[in-house]
Structures are given as structure tokens and as C-alpha cells.
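Asker: Here it is, the structure, as C-alpha cells.
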Amino acid sequence: MHLGVRVTTIARDDRCLTTDDGNTIRYDRLLLATGSSPRPLPKTMNNSHVAHLRTAAHAVDLRRKFRSARHLVIVGGGYIGLEVAFSARARGCSVTMVEVGPSHLGRTGSAALGSWALRTLESNGVDVRLNTSIAALSGSADEKTTVHLSDNEGIVADVMLAAIGVLPNCQIATSAGLATDNGIVVDAFGRTNDPAIFAAGEATRYPIAKLGGSFRTESWNASRNQAIVAAKSMAGLPTEAFDELPWNWSDLGRHSVQCLGMPAMGTKRLTIGDAAGDEWMEIFLDARETLVGCVTVNQSREMSKLRRALVKESGIPAGLLQRANIRPTAC
Ligand SMILES: Cc1cc2nc3c(=O)[nH]c(=O)nc-3n(C[C@H](O)[C@H](O)[C@H](O)COP(=O)(O)OP(=O)(O)OC[C@H]3O[C@@H](n4cnc5c(N)ncnc54)[C@H](O)[C@@H]3O)c2cc1C
């Protein structure tokens with residue numbers, strides 16, 4: 001175990017790694033599980049009021065900043081931005097959330113989830129700015145910073161959380177000539193284009209046969225189970241291909257939100273419950289009537305049933321379909 005050590009290069013011909021403490025490490029098989037890093041802000045926007053949330057150290061830093069913070073600006077309306085917004089409100093902080101897109105959770109969720117998130121954030125006192133980005137930060141030396149928005153408004157904040165997504169850590173793979181494309185390209189067994197090198201987790205782009213394409217996903221579940229498949233492949237043990245739909249969950253205040261698969265790929269939608277309320281579910285089907293996504297709000301048990309049914313390949317549970325209160329609608 002080499003802690004505090006970064007791998008800087010992979011010499012594929014010699015099957016060895018060099019590290020930033022000057023050592024070399026030989027390998028017969030190599031697994032790259034380098035994860036992701038927060039998407040950086042432009043250099044001119046970095047000052048001591050800016051926080052990120054990726055590592056334990058980031059979490060400790062954010063908690064320290066929260067002790068004295070009265071106003072928080074969150075840039076980015078994905079899971080991390082939303083979770084911090086609800087936590088900050090629970091601690092009595094006022095929050096402005098700035099999202100460049102037209103809705104929240106746009107990448108993994110659905111239009112109805114975006115509307116629910118907006119309603120729920122606003123009813124929790126969050127000042128939400130959609131279709132807005134940040135143009136500049138000023139006032140770096142004093143206690144507060146001013147966040148200048150694209151509509152020319154300036155918001156004075158104690159802390160600005162940059163929750164604008166992540167970039168895969170594939171630099172060492174790219175420099176070693178491995179195939180990368182918004183992630184280290186692997187097959188369904190975690191194999192890269194070098195037979196001695198495997199990769200798993202958030203750093204990879206991998207095929208999901210159920211969805212008919214290749215994706216880079218940001219889900220703990222995928223990182224864990226894909227890694228098991230890659231480990232078995234490396235050891236030459238029999239294994240099935242990794243073909244799980246990505247699955248994310250989030251606790252937002254008293255609400256539990258889960259997203260499975262890629263709802264945006266659906267052409268038809270089944271809604272169970274009332275999406276104007278706080279307990280509902282959407283199932284997304286493609287043109288072949290195959291499930292490609294699901295969104296639940298406070299319906300975790302139903303999501304578990306659906307996921308179990310997908311593992312058994314037994315189709316959408318009949319009980320769920322009987323509860324669908326409308327016919328499938330086009331997305
Ligand atoms: C705040 C937060 C909340 C999340 N919540 C959820 C959730 O509720 N549900 C969910 O499913 N997912 C969630 N995720 C996503 C989930 O945590 C990730 O998908 C998962 O941790 C990725 O695992 P990984 O092992 O691929 O990468 P990581 O956990 O990022 O680990 C990669 C490791 O590699 C190291 N590394 C990188 N480059 C090098 C190098 N050159 N040399 C040596 N070491 C290197 C890094 O330092 C790091 O320790 C969350 C993520 C964050 C940040």
C-alpha cells in the first residue's frame with residue numbers, strides 16, 4: 001500500500017509505473033480506478049470562499065465554512081448542489097442556487113423531477129436562478145465574496161460551492177496511449193485496449209447493452225459491481241459481462257429521490273402517483289417497450305422491487321403496472 005503517492009506514468013512496454021515519489025512499480029496486470037475530479041472553475045474565479053465537495057477533506061472544509069456562513073451560493077443544480085442546499089437550509093443558512101440549464105437534475109432525471117425539485121427547493125426557502133451562470137467573482141481578500149451572475153446581478157456570499165460536475169481522471173491512461181473518450185474506454189469485462197490493463201469505476205466509459213450504447217456513469221453501485229467483474233477478468237476467473245443500469249439515490253431534506261438508467265432515452269412514460277405531489281414514480285420505455293429509465297420520489301420500496309425484477313429479467317412487476325394511473329404518454 002503506497003498512500004499519498006500519485007502514479008505519474010505507465011510504461012506499457014516495460015509493464016511498470018512511475019510514481020511522484022520517484023519509485024517504479026512493476027505489474028503483470030494493472031487496474032486503473034482513478035475516479036473523477038471536480039470540474040475546475042476558471043482560474044480567475046478561485047478564491048478562499050470557493051468550496052468543492054468530492055473528498056473527505058472537502059467535506060470537512062465545507063463544514064468549517066458553514067459554521068460562520070450566513071449566505072451560501074451554490075453553482076450547479078445536480079445531486080451534490082441539491083443535497084448541500086437542503087443541508088444548508090436545515091442549518092439556517094440562506095441559499096441562492098444558480099443553474100445554467102432550464103431545470104435541476106437534468107442529466108439523470110426527468111422533466112417532472114426537475115419541476116418537483118424546483119417546487120421543493122423554493123418551498124424550503126432556496127432562491128433558485130435557472131438558465132443563469134456565473135460570470136466572475138470579486139472581493140477575494142475580505143470576509144465575503146461577490147458572485148456576479150450572467151444577468152449582471154451581484155450576490156454577496158460567505159461561501160460559493162462549485163458543484164458543476166466532474167471530469168474523469170484519465171490523464172495517465174491517455175498519456176500511455178490507452179483509448180479514452182470522456183473516460184477510459186473498457187469493454188463489459190473492464191478490459192482496455194491493452195490486454196494487461198483493466199479499468200473500473202467512475203473513470204471509465206463502458207458499454208451498457210440494455211441501453212444500446214457506451215456511457216460514463218457516476219454511481220457508487222456501478223463502480224462497485226463493475227470493479228468486481230474487472231477483478232474477476234484480471235484473475236482469469238469466469239464472470240458475466242457487466243450490464244447494470246446506473247442507479248443514483250439522494251436524500252433531499254425529508255425526501256428520497258432515486259434515478260435508474262437513462263430516463264432521457266425513453267420515448268414513452270408511465271406515471272404512477274401524482275407528479276404534482278411528493279410520492280410518485282415514472283417508468284421510461286423505449287420504442288421496443290424496453291425499460292430504459294425510472295425516477296422515484298419517496299417510492300424507494302417500489303424502486304427496489306423494480307431493480308430486483310430487472311436483475312431476474314422478469315419485466316416490470318405487474319403490481320406496479322396496475323397502479324399506473326394513466327396510459328403511457330409520449331416523452
Ligand atoms: C459528495 C458525493 C456524494 C455522492 N453520493 C452518491 C450517492 O448517493 N450514490 C451514488 O451512487 N454515488 C454517489 N456519489 C458518486 C460515487 O461516490 C462515485 O461514483 C464513486 O465513489 C466512484 O468510485 P471510484 O472508485 O471509481 O472513484 P473515486 O472514489 O473517485 O476513487 C478514485 C481514487 O483514485 C485516486 N487517484 C486518482 N488518480 C490517481 C493517480 N494518478 N495515482 C494514484 N491515485 C490516484 C484518487 O485520489 C481517489 O482516491 C457521490 C459522490 C460525491 C463526491
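By order in the C-alpha cells, chains are A, B, ...; within a chain, residues start at 1; ligands start at 1, following the order shown.
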Enumerate, in order of chain and increasing residue number, the residues of region 19-107 of chain A with an atom no farther than 12 Å from region 111-115 of chain A, each with its shortest atom pair and distance in Å to one decimal, counting only C-alpha atoms, as a Markdown table.
Answerer:
```
| residue | atom | partner | partner_atom | distance |
| --- | --- | --- | --- | --- |
| A:Gly77 | CA | A:Gly114 | CA | 9.6 |
| A:Gly78 | CA | A:Gly114 | CA | 10.0 |
| A:Tyr79 | CA | A:Gly114 | CA | 11.5 |
| A:Leu82 | CA | A:Gly114 | CA | 11.3 |
| A:Glu99 | CA | A:Gly114 | CA | 11.6 |
| A:Gly101 | CA | A:Gly114 | CA | 10.5 |
| A:Pro102 | CA | A:Gly114 | CA | 8.7 |
| A:Ser103 | CA | A:Gly114 | CA | 5.2 |
| A:His104 | CA | A:Gly114 | CA | 4.8 |
| A:Leu105 | CA | A:Gly114 | CA | 6.1 |
| A:Gly106 | CA | A:Gly114 | CA | 6.8 |
| A:Arg107 | CA | A:Gly114 | CA | 10.2 |
```
Asker: Could you give me, as JSON, numbers by chain, every polymer residue with an atom at most 6 Å away from an atom of ligand 1, counting only C-alpha atoms and all ligand atoms?
Answerer: {"A": [6, 7, 8, 33, 34, 35, 36, 53, 54, 80, 169, 201, 202, 203, 218, 219, 220, 221, 223, 248, 249, 250]}
Asker: What does the file look like for those residues with N, CA, C and O atoms, as a PDB file, in the first residue's frame?
Answerer:
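Wrote it out as result_21.pdb, contents follow:
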```pdb
ATOM      1  N   ARG A   6       1.175   9.442  -6.012  1.00  0.00           N
ATOM      2  CA  ARG A   6       0.446   9.560  -7.275  1.00  0.00           C
ATOM      3  C   ARG A   6       1.198   8.824  -8.375  1.00  0.00           C
ATOM      4  O   ARG A   6       2.419   8.977  -8.492  1.00  0.00           O
ATOM      5  N   VAL A   7       0.490   8.059  -9.157  1.00  0.00           N
ATOM      6  CA  VAL A   7       1.110   7.442 -10.335  1.00  0.00           C
ATOM      7  C   VAL A   7       1.189   8.508 -11.419  1.00  0.00           C
ATOM      8  O   VAL A   7       0.193   9.169 -11.722  1.00  0.00           O
ATOM      9  N   THR A   8       2.374   8.676 -11.973  1.00  0.00           N
ATOM     10  CA  THR A   8       2.529   9.743 -12.971  1.00  0.00           C
ATOM     11  C   THR A   8       2.596   9.198 -14.398  1.00  0.00           C
ATOM     12  O   THR A   8       2.103   9.843 -15.314  1.00  0.00           O
ATOM     13  N   ALA A  33      -8.318   2.668 -11.470  1.00  0.00           N
ATOM     14  CA  ALA A  33      -9.586   3.006 -10.801  1.00  0.00           C
ATOM     15  C   ALA A  33      -9.431   4.408 -10.231  1.00  0.00           C
ATOM     16  O   ALA A  33      -9.548   4.636  -9.026  1.00  0.00           O
ATOM     17  N   THR A  34      -9.134   5.332 -11.128  1.00  0.00           N
ATOM     18  CA  THR A  34      -8.684   6.664 -10.719  1.00  0.00           C
ATOM     19  C   THR A  34      -9.827   7.651 -10.480  1.00  0.00           C
ATOM     20  O   THR A  34      -9.583   8.804 -10.112  1.00  0.00           O
ATOM     21  N   GLY A  35     -11.066   7.244 -10.710  1.00  0.00           N
ATOM     22  CA  GLY A  35     -12.197   8.105 -10.356  1.00  0.00           C
ATOM     23  C   GLY A  35     -12.266   9.396 -11.151  1.00  0.00           C
ATOM     24  O   GLY A  35     -11.817   9.477 -12.308  1.00  0.00           O
ATOM     25  N   SER A  36     -12.822  10.405 -10.511  1.00  0.00           N
ATOM     26  CA  SER A  36     -13.038  11.708 -11.170  1.00  0.00           C
ATOM     27  C   SER A  36     -12.574  12.826 -10.250  1.00  0.00           C
ATOM     28  O   SER A  36     -12.358  12.602  -9.070  1.00  0.00           O
ATOM     29  N   LEU A  53     -16.955  19.748  -3.313  1.00  0.00           N
ATOM     30  CA  LEU A  53     -17.318  18.598  -2.483  1.00  0.00           C
ATOM     31  C   LEU A  53     -17.065  17.325  -3.264  1.00  0.00           C
ATOM     32  O   LEU A  53     -17.860  16.927  -4.120  1.00  0.00           O
ATOM     33  N   ARG A  54     -15.901  16.723  -2.978  1.00  0.00           N
ATOM     34  CA  ARG A  54     -15.555  15.453  -3.613  1.00  0.00           C
ATOM     35  C   ARG A  54     -14.945  14.507  -2.577  1.00  0.00           C
ATOM     36  O   ARG A  54     -15.298  13.349  -2.500  1.00  0.00           O
ATOM     37  N   ILE A  80     -25.301  16.926  -5.958  1.00  0.00           N
ATOM     38  CA  ILE A  80     -24.478  17.489  -4.883  1.00  0.00           C
ATOM     39  C   ILE A  80     -24.971  18.886  -4.513  1.00  0.00           C
ATOM     40  O   ILE A  80     -25.147  19.207  -3.340  1.00  0.00           O
ATOM     41  N   ASN A 169     -10.602  11.067 -14.302  1.00  0.00           N
ATOM     42  CA  ASN A 169      -9.135  11.144 -14.186  1.00  0.00           C
ATOM     43  C   ASN A 169      -8.522  10.135 -15.151  1.00  0.00           C
ATOM     44  O   ASN A 169      -8.206   9.020 -14.767  1.00  0.00           O
ATOM     45  N   GLY A 201     -14.857   1.761 -12.577  1.00  0.00           N
ATOM     46  CA  GLY A 201     -15.327   2.891 -11.780  1.00  0.00           C
ATOM     47  C   GLY A 201     -15.613   4.120 -12.618  1.00  0.00           C
ATOM     48  O   GLY A 201     -15.736   4.078 -13.843  1.00  0.00           O
ATOM     49  N   GLU A 202     -15.675   5.236 -11.874  1.00  0.00           N
ATOM     50  CA  GLU A 202     -16.138   6.476 -12.486  1.00  0.00           C
ATOM     51  C   GLU A 202     -15.207   6.997 -13.573  1.00  0.00           C
ATOM     52  O   GLU A 202     -15.588   7.856 -14.361  1.00  0.00           O
ATOM     53  N   ALA A 203     -13.969   6.483 -13.625  1.00  0.00           N
ATOM     54  CA  ALA A 203     -13.027   6.939 -14.657  1.00  0.00           C
ATOM     55  C   ALA A 203     -13.321   6.298 -16.012  1.00  0.00           C
ATOM     56  O   ALA A 203     -12.705   6.673 -17.006  1.00  0.00           O
ATOM     57  N   GLU A 218     -21.816   7.995 -12.987  1.00  0.00           N
ATOM     58  CA  GLU A 218     -21.302   8.483 -11.700  1.00  0.00           C
ATOM     59  C   GLU A 218     -22.146   7.881 -10.595  1.00  0.00           C
ATOM     60  O   GLU A 218     -22.966   8.546  -9.987  1.00  0.00           O
ATOM     61  N   SER A 219     -21.984   6.597 -10.389  1.00  0.00           N
ATOM     62  CA  SER A 219     -22.827   5.898  -9.427  1.00  0.00           C
ATOM     63  C   SER A 219     -21.979   4.902  -8.658  1.00  0.00           C
ATOM     64  O   SER A 219     -21.254   4.097  -9.249  1.00  0.00           O
ATOM     65  N   TRP A 220     -22.066   4.986  -7.361  1.00  0.00           N
ATOM     66  CA  TRP A 220     -21.309   4.114  -6.461  1.00  0.00           C
ATOM     67  C   TRP A 220     -21.561   2.645  -6.798  1.00  0.00           C
ATOM     68  O   TRP A 220     -20.650   1.820  -6.806  1.00  0.00           O
ATOM     69  N   ASN A 221     -22.820   2.335  -7.076  1.00  0.00           N
ATOM     70  CA  ASN A 221     -23.218   0.969  -7.378  1.00  0.00           C
ATOM     71  C   ASN A 221     -22.480   0.426  -8.615  1.00  0.00           C
ATOM     72  O   ASN A 221     -21.950  -0.691  -8.613  1.00  0.00           O
ATOM     73  N   SER A 223     -19.676   1.578  -9.816  1.00  0.00           N
ATOM     74  CA  SER A 223     -18.239   1.461  -9.533  1.00  0.00           C
ATOM     75  C   SER A 223     -17.945   0.151  -8.815  1.00  0.00           C
ATOM     76  O   SER A 223     -16.973  -0.531  -9.103  1.00  0.00           O
ATOM     77  N   ASN A 248     -28.818   5.988  -9.024  1.00  0.00           N
ATOM     78  CA  ASN A 248     -28.427   7.018  -8.052  1.00  0.00           C
ATOM     79  C   ASN A 248     -29.568   7.270  -7.088  1.00  0.00           C
ATOM     80  O   ASN A 248     -30.725   7.203  -7.482  1.00  0.00           O
ATOM     81  N   TRP A 249     -29.224   7.569  -5.890  1.00  0.00           N
ATOM     82  CA  TRP A 249     -30.257   7.968  -4.934  1.00  0.00           C
ATOM     83  C   TRP A 249     -29.757   9.202  -4.190  1.00  0.00           C
ATOM     84  O   TRP A 249     -28.564   9.486  -4.160  1.00  0.00           O
ATOM     85  N   SER A 250     -30.691   9.917  -3.602  1.00  0.00           N
ATOM     86  CA  SER A 250     -30.317  11.134  -2.906  1.00  0.00           C
ATOM     87  C   SER A 250     -31.341  11.425  -1.822  1.00  0.00           C
ATOM     88  O   SER A 250     -32.540  11.256  -2.059  1.00  0.00           O
TER      89      SER A 250
END
```
Asker: Which parts of region 34-206 of chain A does DSSP call alpha helix (DSSP H) when run on the backbone here, written out as a PDB file with C-alpha atoms, in the first residue's frame?
Answerer:
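Generated file (out-v1.pdb):
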```pdb
ATOM      1  CA  ALA A  56     -13.476  13.898   2.924  1.00  0.00           C
ATOM      2  CA  ALA A  57     -11.156  16.923   3.168  1.00  0.00           C
ATOM      3  CA  HIS A  58     -13.609  18.946   1.064  1.00  0.00           C
ATOM      4  CA  ALA A  59     -16.468  17.908   3.372  1.00  0.00           C
ATOM      5  CA  VAL A  60     -14.511  18.984   6.475  1.00  0.00           C
ATOM      6  CA  ASP A  61     -13.627  22.308   4.819  1.00  0.00           C
ATOM      7  CA  LEU A  62     -17.265  22.922   3.864  1.00  0.00           C
ATOM      8  CA  ARG A  63     -18.450  22.125   7.392  1.00  0.00           C
ATOM      9  CA  ARG A  64     -15.873  24.580   8.798  1.00  0.00           C
ATOM     10  CA  LYS A  65     -17.009  27.273   6.370  1.00  0.00           C
ATOM     11  CA  PHE A  66     -20.662  26.604   7.306  1.00  0.00           C
ATOM     12  CA  ARG A  67     -20.017  27.386  10.999  1.00  0.00           C
ATOM     13  CA  SER A  68     -19.892  31.092  10.309  1.00  0.00           C
ATOM     14  CA  TYR A  79     -27.357  15.922  -6.801  1.00  0.00           C
ATOM     15  CA  ILE A  80     -24.478  17.489  -4.883  1.00  0.00           C
ATOM     16  CA  GLY A  81     -25.803  21.036  -5.266  1.00  0.00           C
ATOM     17  CA  LEU A  82     -29.264  19.958  -4.136  1.00  0.00           C
ATOM     18  CA  GLU A  83     -28.074  17.906  -1.166  1.00  0.00           C
ATOM     19  CA  VAL A  84     -25.945  20.804   0.093  1.00  0.00           C
ATOM     20  CA  ALA A  85     -28.828  23.265  -0.453  1.00  0.00           C
ATOM     21  CA  PHE A  86     -31.168  21.228   1.771  1.00  0.00           C
ATOM     22  CA  SER A  87     -28.446  20.717   4.429  1.00  0.00           C
ATOM     23  CA  ALA A  88     -27.575  24.418   4.450  1.00  0.00           C
ATOM     24  CA  ARG A  89     -31.233  25.428   4.839  1.00  0.00           C
ATOM     25  CA  ALA A  90     -31.552  22.976   7.752  1.00  0.00           C
ATOM     26  CA  ALA A 111     -38.754  16.931 -16.635  1.00  0.00           C
ATOM     27  CA  ALA A 112     -41.195  16.030 -13.828  1.00  0.00           C
ATOM     28  CA  LEU A 113     -38.291  15.548 -11.403  1.00  0.00           C
ATOM     29  CA  GLY A 114     -36.900  18.946 -12.422  1.00  0.00           C
ATOM     30  CA  SER A 115     -40.298  20.572 -11.684  1.00  0.00           C
ATOM     31  CA  TRP A 116     -40.568  18.722  -8.365  1.00  0.00           C
ATOM     32  CA  ALA A 117     -37.024  19.822  -7.389  1.00  0.00           C
ATOM     33  CA  LEU A 118     -37.768  23.469  -8.219  1.00  0.00           C
ATOM     34  CA  ARG A 119     -41.013  23.432  -6.223  1.00  0.00           C
ATOM     35  CA  THR A 120     -39.405  21.684  -3.256  1.00  0.00           C
ATOM     36  CA  LEU A 121     -36.305  23.899  -3.189  1.00  0.00           C
ATOM     37  CA  GLU A 122     -38.439  27.042  -3.311  1.00  0.00           C
ATOM     38  CA  SER A 123     -40.788  25.814  -0.605  1.00  0.00           C
ATOM     39  CA  GLN A 171      -4.631  11.605 -17.912  1.00  0.00           C
ATOM     40  CA  ILE A 172      -2.237   8.729 -17.144  1.00  0.00           C
ATOM     41  CA  ALA A 173      -4.260   6.423 -19.413  1.00  0.00           C
ATOM     42  CA  THR A 174      -4.262   8.944 -22.257  1.00  0.00           C
ATOM     43  CA  SER A 175      -0.508   9.571 -21.978  1.00  0.00           C
TER      44      SER A 175
END
```
Asker: I'd like to know which of A:Ala230, A:Leu310, A:Ile208, A:Ala318 is closest to Thr192 (chain A), using only C-alpha atoms.
Answerer: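 Of all the options, A:Ala230 lies closest to Thr192 (chain A).
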Asker: Under the rule that only C-alpha atoms are counted, which of A:Ser110, A:Ile155, A:Ala199, A:Ala188 is the nearest residue to Cys170 (chain A)?
Answerer: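 Residue with the minimum atom-to-atom distance to Cys170 (chain A): A:Ala199.
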Asker: Any idea what's packed within 9 Å of Cys331 (chain A), counting only C-alpha atoms, ignoring anything in its chain fewer than 6 positions away? Could you give it as a ChimeraX atom specification?
Answerer: /A:264,266-269,284
Asker: The selected residues should be written to file as a PDB file, in the first residue's frame (atoms: all heavy atoms).
Answerer:
```
ATOM      1  N   ALA A 264     -33.830   9.979 -20.098  1.00  0.00           N
ATOM      2  CA  ALA A 264     -33.888  10.806 -21.313  1.00  0.00           C
ATOM      3  C   ALA A 264     -33.962   9.955 -22.578  1.00  0.00           C
ATOM      4  O   ALA A 264     -34.342  10.453 -23.643  1.00  0.00           O
ATOM      5  CB  ALA A 264     -32.670  11.723 -21.370  1.00  0.00           C
ATOM      6  N   GLY A 266     -35.990   7.498 -22.984  1.00  0.00           N
ATOM      7  CA  GLY A 266     -37.346   6.955 -23.116  1.00  0.00           C
ATOM      8  C   GLY A 266     -38.136   7.674 -24.194  1.00  0.00           C
ATOM      9  O   GLY A 266     -37.971   8.877 -24.417  1.00  0.00           O
ATOM     10  N   THR A 267     -38.987   6.904 -24.846  1.00  0.00           N
ATOM     11  CA  THR A 267     -39.916   7.533 -25.797  1.00  0.00           C
ATOM     12  C   THR A 267     -41.343   7.475 -25.252  1.00  0.00           C
ATOM     13  O   THR A 267     -42.230   8.148 -25.761  1.00  0.00           O
ATOM     14  CB  THR A 267     -39.862   6.831 -27.168  1.00  0.00           C
ATOM     15  OG1 THR A 267     -40.050   5.430 -26.967  1.00  0.00           O
ATOM     16  CG2 THR A 267     -38.527   7.042 -27.858  1.00  0.00           C
ATOM     17  N   LYS A 268     -41.540   6.634 -24.229  1.00  0.00           N
ATOM     18  CA  LYS A 268     -42.854   6.556 -23.574  1.00  0.00           C
ATOM     19  C   LYS A 268     -42.649   6.599 -22.076  1.00  0.00           C
ATOM     20  O   LYS A 268     -41.637   6.109 -21.563  1.00  0.00           O
ATOM     21  CB  LYS A 268     -43.525   5.228 -23.910  1.00  0.00           C
ATOM     22  CG  LYS A 268     -44.128   5.148 -25.264  1.00  0.00           C
ATOM     23  CD  LYS A 268     -44.827   3.811 -25.357  1.00  0.00           C
ATOM     24  CE  LYS A 268     -45.178   3.488 -26.778  1.00  0.00           C
ATOM     25  NZ  LYS A 268     -45.544   2.080 -26.903  1.00  0.00           N
ATOM     26  N   ARG A 269     -43.676   7.125 -21.385  1.00  0.00           N
ATOM     27  CA  ARG A 269     -43.546   7.297 -19.935  1.00  0.00           C
ATOM     28  C   ARG A 269     -44.800   6.791 -19.238  1.00  0.00           C
ATOM     29  O   ARG A 269     -45.920   7.089 -19.669  1.00  0.00           O
ATOM     30  CB  ARG A 269     -43.374   8.785 -19.661  1.00  0.00           C
ATOM     31  CG  ARG A 269     -43.174   9.154 -18.245  1.00  0.00           C
ATOM     32  CD  ARG A 269     -43.041  10.659 -18.086  1.00  0.00           C
ATOM     33  NE  ARG A 269     -44.300  11.331 -18.345  1.00  0.00           N
ATOM     34  CZ  ARG A 269     -44.449  12.403 -19.093  1.00  0.00           C
ATOM     35  NH1 ARG A 269     -43.416  12.937 -19.700  1.00  0.00           N
ATOM     36  NH2 ARG A 269     -45.626  12.951 -19.278  1.00  0.00           N
ATOM     37  N   PHE A 284     -39.707   4.762 -17.781  1.00  0.00           N
ATOM     38  CA  PHE A 284     -39.459   5.184 -19.166  1.00  0.00           C
ATOM     39  C   PHE A 284     -39.155   3.966 -20.027  1.00  0.00           C
ATOM     40  O   PHE A 284     -38.310   3.139 -19.667  1.00  0.00           O
ATOM     41  CB  PHE A 284     -38.301   6.178 -19.213  1.00  0.00           C
ATOM     42  CG  PHE A 284     -38.626   7.460 -18.521  1.00  0.00           C
ATOM     43  CD1 PHE A 284     -38.438   7.592 -17.149  1.00  0.00           C
ATOM     44  CD2 PHE A 284     -39.167   8.528 -19.228  1.00  0.00           C
ATOM     45  CE1 PHE A 284     -38.774   8.759 -16.487  1.00  0.00           C
ATOM     46  CE2 PHE A 284     -39.502   9.703 -18.573  1.00  0.00           C
ATOM     47  CZ  PHE A 284     -39.310   9.827 -17.206  1.00  0.00           C
TER      48      PHE A 284
END
```
